[in-house]
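Trainee: See entry.cif below, with mmCIF, C-alpha atoms.
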```
data_work
#
loop_
_atom_site.group_PDB
_atom_site.id
_atom_site.type_symbol
_atom_site.label_atom_id
_atom_site.label_comp_id
_atom_site.auth_asym_id
_atom_site.auth_seq_id
_atom_site.Cartn_x
_atom_site.Cartn_y
_atom_site.Cartn_z
ATOM 1 C CA SER V 1 63.592 40.738 86.998
ATOM 2 C CA PRO V 2 62.391 37.370 85.694
ATOM 3 C CA GLU V 3 59.238 37.545 87.796
ATOM 4 C CA ALA V 4 55.957 38.725 86.310
ATOM 5 C CA ALA V 5 54.561 40.190 89.523
ATOM 6 C CA LEU V 6 54.206 43.956 89.686
ATOM 7 C CA PRO V 7 53.781 46.274 92.669
ATOM 8 C CA GLU V 8 50.272 46.654 93.990
ATOM 9 C CA ALA V 9 48.672 50.020 93.251
ATOM 10 C CA ARG V 10 47.954 52.230 96.246
ATOM 11 C CA SER V 11 44.489 52.098 97.802
ATOM 12 C CA THR V 12 43.741 55.635 96.618
ATOM 13 C CA PRO V 13 45.507 55.862 93.244
ATOM 14 C CA ALA V 14 45.597 58.944 91.070
ATOM 15 C CA LYS V 15 42.940 59.106 88.372
ATOM 16 C CA LEU V 16 44.275 57.221 85.354
ATOM 17 C CA SER V 17 43.240 57.319 81.696
ATOM 18 C CA LEU V 18 44.604 56.037 78.399
ATOM 19 C CA THR V 19 44.072 57.678 74.996
ATOM 20 C CA ARG V 20 45.257 56.293 71.667
ATOM 21 C CA LEU V 21 47.030 58.608 69.211
ATOM 22 C CA ASP V 22 47.594 57.853 65.520
ATOM 23 C CA CYS V 23 51.323 57.743 64.836
ATOM 24 C CA GLY V 24 51.151 56.481 61.248
ATOM 25 C CA SER V 25 50.629 53.286 59.291
ATOM 26 C CA ALA V 26 52.513 51.007 56.947
ATOM 27 C CA THR V 27 51.920 48.420 54.263
ATOM 28 C CA ILE V 28 54.328 45.525 54.726
ATOM 29 C CA LYS V 29 54.877 44.131 51.240
ATOM 30 C CA ASN V 30 55.716 40.565 52.344
ATOM 31 C CA PHE V 31 54.521 40.053 55.902
ATOM 32 C CA ASP V 32 56.095 36.620 56.293
ATOM 33 C CA LYS V 33 59.540 37.593 55.009
ATOM 34 C CA PHE V 34 59.646 40.793 57.038
ATOM 35 C CA PHE V 35 58.318 39.537 60.370
ATOM 36 C CA SER V 36 59.395 35.898 60.675
ATOM 37 C CA ASP V 37 62.841 34.310 60.811
ATOM 38 C CA LYS V 38 61.138 31.002 59.962
ATOM 39 C CA PRO V 39 59.710 31.152 56.407
ATOM 40 C CA GLY V 40 56.079 30.139 56.002
ATOM 41 C CA LEU V 41 54.880 31.187 59.454
ATOM 42 C CA TYR V 42 52.587 33.860 57.958
ATOM 43 C CA GLU V 43 51.144 34.648 54.544
ATOM 44 C CA SER V 44 53.596 36.214 52.083
ATOM 45 C CA ALA V 45 50.968 38.722 50.941
ATOM 46 C CA PRO V 46 51.038 42.445 51.774
ATOM 47 C CA ARG V 47 49.465 43.481 55.063
ATOM 48 C CA ASP V 48 48.690 46.842 56.641
ATOM 49 C CA ILE V 49 49.816 47.619 60.156
ATOM 50 C CA THR V 50 49.165 50.632 62.331
ATOM 51 C CA ASP V 51 51.539 52.683 64.460
ATOM 52 C CA SER V 52 49.861 53.506 67.766
ATOM 53 C CA CYS V 53 51.060 55.874 70.464
ATOM 54 C CA TYR V 54 49.292 56.578 73.755
ATOM 55 C CA LEU V 55 48.701 59.433 76.167
ATOM 56 C CA ILE V 56 48.443 58.298 79.777
ATOM 57 C CA ARG V 57 46.993 60.764 82.289
ATOM 58 C CA HIS V 58 47.991 60.071 85.868
ATOM 59 C CA GLY V 59 46.308 62.726 87.962
ATOM 60 C CA ASP V 60 47.844 65.940 86.661
ATOM 61 C CA GLN V 61 50.838 64.147 85.131
ATOM 62 C CA LEU V 62 51.046 63.233 81.447
ATOM 63 C CA LEU V 63 53.028 60.359 79.942
ATOM 64 C CA LEU V 64 53.375 60.057 76.164
ATOM 65 C CA TRP V 65 54.141 56.441 75.231
ATOM 66 C CA ASP V 66 56.026 56.189 71.913
ATOM 67 C CA THR V 67 56.178 58.953 69.319
ATOM 68 C CA GLY V 68 55.649 57.269 65.952
ATOM 69 C CA LEU V 69 56.954 58.192 62.534
ATOM 70 C CA ASP V 70 58.809 61.414 61.760
ATOM 71 C CA ALA V 71 56.460 64.416 61.484
ATOM 72 C CA ALA V 72 58.173 65.333 58.203
ATOM 73 C CA LEU V 73 56.357 62.384 56.634
ATOM 74 C CA LYS V 74 52.933 64.003 57.171
ATOM 75 C CA GLY V 75 50.776 63.881 54.033
ATOM 76 C CA GLN V 76 53.322 61.794 52.148
ATOM 77 C CA THR V 77 54.121 58.158 51.496
ATOM 78 C CA LEU V 78 57.601 56.713 51.777
ATOM 79 C CA ASP V 79 58.553 53.456 50.057
ATOM 80 C CA THR V 80 61.489 51.921 51.939
ATOM 81 C CA GLY V 81 61.611 48.783 49.781
ATOM 82 C CA ASP V 82 60.081 46.405 52.319
ATOM 83 C CA MET V 83 57.218 48.697 53.292
ATOM 84 C CA ILE V 84 55.280 51.839 52.441
ATOM 85 C CA LEU V 85 54.969 54.343 55.313
ATOM 86 C CA ARG V 86 52.257 56.983 55.818
ATOM 87 C CA LEU V 87 51.475 59.680 58.391
ATOM 88 C CA ASN V 88 48.228 61.661 58.338
ATOM 89 C CA HIS V 89 48.464 63.701 61.530
ATOM 90 C CA THR V 90 51.293 64.698 63.849
ATOM 91 C CA LEU V 91 51.225 64.083 67.581
ATOM 92 C CA VAL V 92 51.312 67.821 68.305
ATOM 93 C CA GLU V 93 48.215 68.313 66.137
ATOM 94 C CA GLN V 94 46.307 65.499 67.817
ATOM 95 C CA LEU V 95 47.262 66.617 71.310
ATOM 96 C CA ALA V 96 46.118 70.157 70.508
ATOM 97 C CA GLN V 97 42.672 68.763 69.727
ATOM 98 C CA ILE V 98 42.368 67.580 73.329
ATOM 99 C CA GLY V 99 43.907 70.694 74.836
ATOM 100 C CA VAL V 100 47.417 69.387 75.453
ATOM 101 C CA LYS V 101 50.495 71.426 74.507
ATOM 102 C CA PRO V 102 53.957 69.902 73.969
ATOM 103 C CA GLU V 103 55.210 71.559 77.151
ATOM 104 C CA ASP V 104 52.427 69.843 79.125
ATOM 105 C CA ILE V 105 53.991 66.403 78.580
ATOM 106 C CA ASP V 106 55.883 65.365 81.716
ATOM 107 C CA ILE V 107 57.390 62.088 80.471
ATOM 108 C CA VAL V 108 58.086 60.719 76.997
ATOM 109 C CA GLY V 109 58.311 56.938 77.304
ATOM 110 C CA ILE V 110 59.901 55.051 74.410
ATOM 111 C CA SER V 111 59.302 51.317 74.050
ATOM 112 C CA HIS V 112 62.419 50.921 71.913
ATOM 113 C CA GLU V 113 64.848 52.574 69.543
ATOM 114 C CA HIS V 114 63.252 51.942 66.119
ATOM 115 C CA ALA V 115 62.347 54.972 64.007
ATOM 116 C CA ASP V 116 58.607 54.236 63.910
ATOM 117 C CA HIS V 117 58.523 54.700 67.690
ATOM 118 C CA THR V 118 60.955 57.613 68.087
ATOM 119 C CA GLY V 119 60.145 59.877 65.131
ATOM 120 C CA GLN V 120 58.447 62.756 66.949
ATOM 121 C CA ALA V 121 60.171 62.563 70.341
ATOM 122 C CA ALA V 122 62.124 65.782 69.805
ATOM 123 C CA GLN V 123 58.827 67.713 69.656
ATOM 124 C CA PHE V 124 58.669 67.331 73.466
ATOM 125 C CA PRO V 125 62.114 68.537 74.608
ATOM 126 C CA ASN V 126 61.031 69.675 78.065
ATOM 127 C CA ALA V 127 59.797 66.245 79.142
ATOM 128 C CA GLU V 128 61.757 63.599 80.983
ATOM 129 C CA LEU V 129 62.801 60.801 78.620
ATOM 130 C CA LEU V 130 62.170 57.235 79.784
ATOM 131 C CA ILE V 131 63.965 54.668 77.616
ATOM 132 C CA GLY V 132 65.979 51.470 77.767
ATOM 133 C CA THR V 133 69.647 52.163 78.453
ATOM 134 C CA LYS V 134 71.125 50.305 75.488
ATOM 135 C CA ASP V 135 68.440 51.623 73.138
ATOM 136 C CA PHE V 136 69.349 55.172 74.179
ATOM 137 C CA GLU V 137 73.015 54.454 73.539
ATOM 138 C CA ASP V 138 72.297 52.834 70.166
ATOM 139 C CA THR V 139 70.563 55.940 68.803
ATOM 140 C CA LYS V 140 73.527 58.283 69.138
ATOM 141 C CA GLY V 141 74.712 59.564 65.781
ATOM 142 C CA GLU V 142 73.828 61.664 62.762
ATOM 143 C CA LYS V 143 70.071 60.969 62.817
ATOM 144 C CA ASP V 144 69.706 60.948 66.600
ATOM 145 C CA PRO V 145 65.999 61.251 67.517
ATOM 146 C CA PHE V 146 66.916 62.211 71.084
ATOM 147 C CA GLY V 147 69.073 65.286 70.518
ATOM 148 C CA PRO V 148 67.342 67.352 73.227
ATOM 149 C CA TRP V 149 68.240 64.716 75.820
ATOM 150 C CA ARG V 150 71.944 64.561 74.975
ATOM 151 C CA LYS V 151 72.461 68.058 76.385
ATOM 152 C CA ASP V 152 73.763 68.801 79.857
ATOM 153 C CA GLY V 153 70.973 68.999 82.392
ATOM 154 C CA ALA V 154 68.467 67.063 80.293
ATOM 155 C CA ARG V 155 66.223 64.676 82.221
ATOM 156 C CA VAL V 156 66.821 61.099 81.107
ATOM 157 C CA HIS V 157 65.722 57.970 82.939
ATOM 158 C CA SER V 158 67.456 55.122 81.146
ATOM 159 C CA ALA V 159 66.800 51.654 82.483
ATOM 160 C CA SER V 160 67.766 48.026 81.971
ATOM 161 C CA GLY V 161 64.983 46.722 84.177
ATOM 162 C CA ASP V 162 61.404 47.464 85.186
ATOM 163 C CA VAL V 163 60.430 51.029 86.062
ATOM 164 C CA ASP V 164 57.516 52.001 88.315
ATOM 165 C CA VAL V 165 56.788 55.160 86.327
ATOM 166 C CA PHE V 166 54.705 57.074 88.887
ATOM 167 C CA GLU V 167 55.979 55.156 91.920
ATOM 168 C CA ASP V 168 52.547 53.847 92.852
ATOM 169 C CA GLY V 169 52.330 50.599 90.840
ATOM 170 C CA SER V 170 49.765 51.993 88.397
ATOM 171 C CA VAL V 171 51.980 52.253 85.311
ATOM 172 C CA MET V 172 55.058 50.102 84.744
ATOM 173 C CA ALA V 173 57.703 50.125 82.067
ATOM 174 C CA LEU V 174 58.205 46.369 81.767
ATOM 175 C CA HIS V 175 61.660 45.233 80.664
ATOM 176 C CA VAL V 176 61.085 42.681 77.884
ATOM 177 C CA PRO V 177 64.282 42.666 75.791
ATOM 178 C CA GLY V 178 64.892 40.787 72.578
ATOM 179 C CA HIS V 179 63.265 42.926 69.937
ATOM 180 C CA THR V 180 65.921 45.461 70.899
ATOM 181 C CA PRO V 181 68.442 45.213 73.760
ATOM 182 C CA ASP V 182 66.349 47.072 76.353
ATOM 183 C CA HIS V 183 62.877 46.969 74.814
ATOM 184 C CA MET V 184 59.920 47.736 77.107
ATOM 185 C CA ALA V 185 56.160 47.120 77.231
ATOM 186 C CA LEU V 186 53.703 49.115 79.356
ATOM 187 C CA PRO V 187 51.137 47.671 81.783
ATOM 188 C CA VAL V 188 48.557 50.303 82.802
ATOM 189 C CA LYS V 189 46.154 49.626 85.701
ATOM 190 C CA LEU V 190 43.010 51.427 84.555
ATOM 191 C CA ALA V 191 39.962 51.469 86.823
ATOM 192 C CA SER V 192 38.083 49.583 84.094
ATOM 193 C CA GLY V 193 40.724 46.855 84.105
ATOM 194 C CA PRO V 194 44.428 46.494 83.346
ATOM 195 C CA VAL V 195 45.753 47.102 79.833
ATOM 196 C CA LEU V 196 49.085 45.790 78.563
ATOM 197 C CA LEU V 197 50.618 47.832 75.731
ATOM 198 C CA SER V 198 52.904 45.566 73.732
ATOM 199 C CA GLY V 199 55.617 47.825 72.406
ATOM 200 C CA ASP V 200 56.956 45.510 69.707
ATOM 201 C CA THR V 201 56.892 42.317 71.767
ATOM 202 C CA TYR V 202 54.464 41.336 69.003
ATOM 203 C CA HIS V 203 53.500 43.044 65.741
ATOM 204 C CA SER V 204 50.164 41.284 65.165
ATOM 205 C CA ARG V 205 47.666 38.989 66.843
ATOM 206 C CA ASP V 206 48.868 35.970 64.887
ATOM 207 C CA ALA V 207 52.436 36.760 65.921
ATOM 208 C CA ARG V 208 51.260 36.378 69.496
ATOM 209 C CA GLU V 209 49.608 33.050 68.684
ATOM 210 C CA LYS V 210 52.537 31.686 66.670
ATOM 211 C CA ARG V 211 55.380 33.295 68.667
ATOM 212 C CA GLY V 212 56.999 34.601 65.535
ATOM 213 C CA VAL V 213 60.386 36.270 65.945
ATOM 214 C CA PRO V 214 61.301 38.941 63.363
ATOM 215 C CA PRO V 215 64.685 38.378 61.707
ATOM 216 C CA PHE V 216 65.834 41.840 62.786
ATOM 217 C CA ASN V 217 65.287 41.213 66.518
ATOM 218 C CA THR V 218 68.507 41.499 68.504
ATOM 219 C CA SER V 219 68.035 38.178 70.330
ATOM 220 C CA ARG V 220 65.748 35.245 69.487
ATOM 221 C CA GLU V 221 66.295 33.693 72.938
ATOM 222 C CA GLN V 222 65.493 36.927 74.777
ATOM 223 C CA SER V 223 62.494 37.531 72.503
ATOM 224 C CA LEU V 224 60.953 34.188 73.448
ATOM 225 C CA GLN V 225 61.740 34.676 77.146
ATOM 226 C CA SER V 226 60.111 38.106 77.023
ATOM 227 C CA MET V 227 57.029 36.666 75.324
ATOM 228 C CA ASP V 228 56.814 34.180 78.196
ATOM 229 C CA ARG V 229 57.043 36.965 80.768
ATOM 230 C CA PHE V 230 54.517 39.100 78.871
ATOM 231 C CA GLU V 231 52.022 36.223 78.670
ATOM 232 C CA LYS V 232 52.482 35.294 82.312
ATOM 233 C CA LEU V 233 51.699 38.855 83.344
ATOM 234 C CA ALA V 234 48.695 39.066 81.000
ATOM 235 C CA LYS V 235 47.289 35.833 82.442
ATOM 236 C CA GLU V 236 47.937 36.660 86.095
ATOM 237 C CA THR V 237 46.481 40.162 85.907
ATOM 238 C CA GLY V 238 43.743 39.497 83.339
ATOM 239 C CA ALA V 239 45.084 42.431 81.334
ATOM 240 C CA LYS V 240 43.687 43.331 77.943
ATOM 241 C CA VAL V 241 46.616 43.014 75.535
ATOM 242 C CA VAL V 242 46.905 45.859 73.024
ATOM 243 C CA ILE V 243 49.344 45.180 70.189
ATOM 244 C CA GLN V 244 50.479 48.577 69.022
ATOM 245 C CA HIS V 245 50.918 47.594 65.346
ATOM 246 C CA GLU V 246 47.665 45.620 65.125
ATOM 247 C CA PRO V 247 44.834 47.514 63.344
ATOM 248 C CA ARG V 248 42.237 45.413 65.175
ATOM 249 C CA ASP V 249 43.560 46.734 68.495
ATOM 250 C CA ILE V 250 43.003 50.415 67.683
ATOM 251 C CA ALA V 251 39.657 50.413 69.519
ATOM 252 C CA PHE V 252 41.037 48.961 72.743
#
```
Could you rewrite the structure in this file as structure tokens?

Mentor:
Amino acid sequence: SPEAALPEARSTPAKLSLTRLDCGSATIKNFDKFFSDKPGLYESAPRDITDSCYLIRHGDQLLLWDTGLDAALKGQTLDTGDMILRLNHTLVEQLAQIGVKPEDIDIVGISHEHADHTGQAAQFPNAELLIGTKDFEDTKGEKDPFGPWRKDGARVHSASGDVDVFEDGSVMALHVPGHTPDHMALPVKLASGPVLLSGDTYHSRDAREKRGVPPFNTSREQSLQSMDRFEKLAKETGAKVVIQHEPRDIAF
């Protein structure tokens, strides 16, 4: 839908909370070259980014939003050429610290298909998978992060539009394609005020200001349209925007 409006939450919504989980970090060696298809938009110097995932409690239901880098990277660094990746703690370890077991997760929501958002998804095979349709299709193959959900009987909710996750307007998977074909962001209506998790609509605060489009995005036109929709929603709802790769947004 091109409209920014979202369903109104019910008058007596389920108790809702949002907890950040550390899903890794990276040093981008040349931030401008990596994240802008127009040279000179950013500095060419190295810059650190974070990889944030989130646990959303909705009453007695648990949604895990994004799953970060592969758990096999824990305690190591991986130089991919353009960036250096790190992972200090796995999601399972962090969830255990707050009394949550993998089997307690009801829904694993994936903003998009890239490996820094899908790396630990398979650790939660009993959950329903919520993901963009084309992104789910794109990840089939030898290094499929969604193996548990390719099996008969697996619970997969693939979508090419908005999804009212708990069917009460409190948490939406917002269809904002362009970074990938069916990329999604996540508005969450907390009692303290709405929060808008970016997915990879943006990778930094200055990307939001300058509307930078990474060269690896699947559509520049869709990316800019999705930024417009994202900003319209943020303005209309007064949501606090949390950019998942922005270190300054860790303490949302």

Trainee: Please provide as a PyMOL selection string all residues within 10 Å of Val242 of chain V, with the sequence filter that same-chain residues fewer than 4 positions apart are discarded (counting all atoms listed in the file).

Mentor: chain V and resi 52+186-187+195-199+202+204-205+246+248-252

Trainee: Give me the residues within 9 Å of Arg47 of chain V as a ChimeraX atom specification, counting all atoms listed in the file and dropping any in the same chain fewer than 6 places off.

Mentor: /V:26-31

Trainee: Quick one: which residues end up in the PyMOL selection byres ((chain V and resi 157-160) around 8) for this structure, as an MDAnalysis selection string?

Mentor: chainID V and resid 128:134 136 155:156 161:163 175 182

Trainee: Going by the chain IDs and residue numbers used in this file, which residues fall under the PyMOL selection byres ((chain V and resi 224-231) around 12)? Write them as number ranges by chain.

Mentor: V: 1-6, 173-187, 195-202, 207-214, 217-223, 232-243

Trainee: What do you get, as an MDAnalysis selection string, if you spell out every residue that the PyMOL selection byres ((chain V and resi 62-65) around 10) selects here?

Mentor: chainID V and resid 16:21 52:61 66:68 91 100 104:111 117:118 121 124 127:130 165:166 171 173 185:186 197 199

Trainee: In Å, with one decimal, what is the gap from atom CA of Leu73 of chain V to atom CA of Asp32 of chain V?

Mentor: 25.8 Å

Trainee: In Å, rounded to a single decimal, give me how far atom CA of Asp135 of chain V is from atom CA of Gly75 of chain V.

Mentor: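 Taking atom CA of Gly75 of chain V as the start and atom CA of Asp135 of chain V as the end point, the length is 28.8 Å.
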
Trainee: In Å to one decimal, how far is atom CA of Leu85 of chain V from atom CA of Pro145 of chain V?

Mentor: 17.8 Å

Trainee: Write out as AutoDock Vina command-line options an axis-aligned box for segment 85-90 of chain V: all of its atoms listed in the file, 5 Å added on each side, centre and edge lengths in Å with one decimal.

Mentor:
```
--center_x 51.6 --center_y 59.5 --center_z 59.6 --size_x 16.7 --size_y 20.4 --size_z 18.5
```

Trainee: Considering all atoms listed in the file, can you say which of V:Gln120, V:Ser192, V:Ser25, V:Thr80 comes closest to His245 of chain V?

Mentor: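 Checking each candidate against His245 of chain V, we get V:Ser25 as the closest.
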
Trainee: Could you add the missing atoms to segment 127-159 of chain V, up to N, CA and C atoms, and return them as a JSON list (two decimals), in the coordinates of the input?

Mentor:
```json
[["chain", "number", "residue", "atom", "x", "y", "z"],
["V", 127, "ALA", "N", 60.21, 67.41, 78.36],
["V", 127, "ALA", "CA", 59.80, 66.24, 79.14],
["V", 127, "ALA", "C", 61.00, 65.43, 79.60],
["V", 128, "GLU", "N", 60.78, 64.62, 80.61],
["V", 128, "GLU", "CA", 61.76, 63.60, 80.98],
["V", 128, "GLU", "C", 61.65, 62.47, 79.97],
["V", 129, "LEU", "N", 62.78, 61.93, 79.54],
["V", 129, "LEU", "CA", 62.80, 60.80, 78.62],
["V", 129, "LEU", "C", 62.99, 59.51, 79.40],
["V", 130, "LEU", "N", 62.07, 58.57, 79.19],
["V", 130, "LEU", "CA", 62.17, 57.24, 79.78],
["V", 130, "LEU", "C", 62.43, 56.25, 78.67],
["V", 131, "ILE", "N", 63.56, 55.53, 78.73],
["V", 131, "ILE", "CA", 63.96, 54.67, 77.62],
["V", 131, "ILE", "C", 64.94, 53.61, 78.13],
["V", 132, "GLY", "N", 65.00, 52.49, 77.44],
["V", 132, "GLY", "CA", 65.98, 51.47, 77.77],
["V", 132, "GLY", "C", 67.40, 51.99, 77.56],
["V", 133, "THR", "N", 68.28, 51.62, 78.47],
["V", 133, "THR", "CA", 69.65, 52.16, 78.45],
["V", 133, "THR", "C", 70.37, 51.90, 77.14],
["V", 134, "LYS", "N", 70.39, 50.64, 76.71],
["V", 134, "LYS", "CA", 71.12, 50.30, 75.49],
["V", 134, "LYS", "C", 70.45, 50.92, 74.25],
["V", 135, "ASP", "N", 69.14, 51.00, 74.26],
["V", 135, "ASP", "CA", 68.44, 51.62, 73.14],
["V", 135, "ASP", "C", 68.79, 53.10, 73.04],
["V", 136, "PHE", "N", 68.94, 53.76, 74.17],
["V", 136, "PHE", "CA", 69.35, 55.17, 74.18],
["V", 136, "PHE", "C", 70.76, 55.33, 73.63],
["V", 137, "GLU", "N", 71.63, 54.41, 74.02],
["V", 137, "GLU", "CA", 73.02, 54.45, 73.54],
["V", 137, "GLU", "C", 73.08, 54.17, 72.04],
["V", 138, "ASP", "N", 72.27, 53.24, 71.57],
["V", 138, "ASP", "CA", 72.30, 52.83, 70.17],
["V", 138, "ASP", "C", 71.89, 53.95, 69.21],
["V", 139, "THR", "N", 71.11, 54.92, 69.69],
["V", 139, "THR", "CA", 70.56, 55.94, 68.80],
["V", 139, "THR", "C", 71.45, 57.17, 68.66],
["V", 140, "LYS", "N", 72.59, 57.17, 69.32],
["V", 140, "LYS", "CA", 73.53, 58.28, 69.14],
["V", 140, "LYS", "C", 74.03, 58.29, 67.70],
["V", 141, "GLY", "N", 74.18, 59.48, 67.14],
["V", 141, "GLY", "CA", 74.71, 59.56, 65.78],
["V", 141, "GLY", "C", 74.05, 60.66, 64.98],
["V", 142, "GLU", "N", 74.24, 60.59, 63.66],
["V", 142, "GLU", "CA", 73.83, 61.66, 62.76],
["V", 142, "GLU", "C", 72.33, 61.90, 62.78],
["V", 143, "LYS", "N", 71.53, 60.83, 62.85],
["V", 143, "LYS", "CA", 70.07, 60.97, 62.82],
["V", 143, "LYS", "C", 69.47, 60.67, 64.19],
["V", 144, "ASP", "N", 70.12, 61.17, 65.22],
["V", 144, "ASP", "CA", 69.71, 60.95, 66.60],
["V", 144, "ASP", "C", 68.32, 61.54, 66.85],
["V", 145, "PRO", "N", 67.33, 60.71, 67.23],
["V", 145, "PRO", "CA", 66.00, 61.25, 67.52],
["V", 145, "PRO", "C", 65.90, 61.90, 68.89],
["V", 146, "PHE", "N", 66.96, 61.76, 69.69],
["V", 146, "PHE", "CA", 66.92, 62.21, 71.08],
["V", 146, "PHE", "C", 67.90, 63.34, 71.37],
["V", 147, "GLY", "N", 68.14, 64.18, 70.36],
["V", 147, "GLY", "CA", 69.07, 65.29, 70.52],
["V", 147, "GLY", "C", 68.84, 66.14, 71.75],
["V", 148, "PRO", "N", 67.57, 66.51, 72.05],
["V", 148, "PRO", "CA", 67.34, 67.35, 73.23],
["V", 148, "PRO", "C", 67.81, 66.73, 74.53],
["V", 149, "TRP", "N", 67.89, 65.40, 74.58],
["V", 149, "TRP", "CA", 68.24, 64.72, 75.82],
["V", 149, "TRP", "C", 69.72, 64.35, 75.89],
["V", 150, "ARG", "N", 70.49, 64.77, 74.90],
["V", 150, "ARG", "CA", 71.94, 64.56, 74.97],
["V", 150, "ARG", "C", 72.63, 65.77, 75.62],
["V", 151, "LYS", "N", 71.89, 66.82, 75.85],
["V", 151, "LYS", "CA", 72.46, 68.06, 76.39],
["V", 151, "LYS", "C", 72.61, 67.97, 77.90],
["V", 152, "ASP", "N", 73.56, 68.75, 78.42],
["V", 152, "ASP", "CA", 73.76, 68.80, 79.86],
["V", 152, "ASP", "C", 72.49, 69.27, 80.55],
["V", 153, "GLY", "N", 72.14, 68.60, 81.62],
["V", 153, "GLY", "CA", 70.97, 69.00, 82.39],
["V", 153, "GLY", "C", 69.67, 68.39, 81.93],
["V", 154, "ALA", "N", 69.69, 67.69, 80.79],
["V", 154, "ALA", "CA", 68.47, 67.06, 80.29],
["V", 154, "ALA", "C", 68.05, 65.92, 81.23],
["V", 155, "ARG", "N", 66.75, 65.71, 81.31],
["V", 155, "ARG", "CA", 66.22, 64.68, 82.22],
["V", 155, "ARG", "C", 66.03, 63.37, 81.45],
["V", 156, "VAL", "N", 66.88, 62.41, 81.75],
["V", 156, "VAL", "CA", 66.82, 61.10, 81.11],
["V", 156, "VAL", "C", 66.78, 60.02, 82.18],
["V", 157, "HIS", "N", 65.78, 59.16, 82.09],
["V", 157, "HIS", "CA", 65.72, 57.97, 82.94],
["V", 157, "HIS", "C", 65.93, 56.76, 82.02],
["V", 158, "SER", "N", 67.16, 56.30, 81.95],
["V", 158, "SER", "CA", 67.46, 55.12, 81.15],
["V", 158, "SER", "C", 67.50, 53.92, 82.07],
["V", 159, "ALA", "N", 66.96, 52.81, 81.60],
["V", 159, "ALA", "CA", 66.80, 51.65, 82.48],
["V", 159, "ALA", "C", 67.07, 50.35, 81.74]]
```
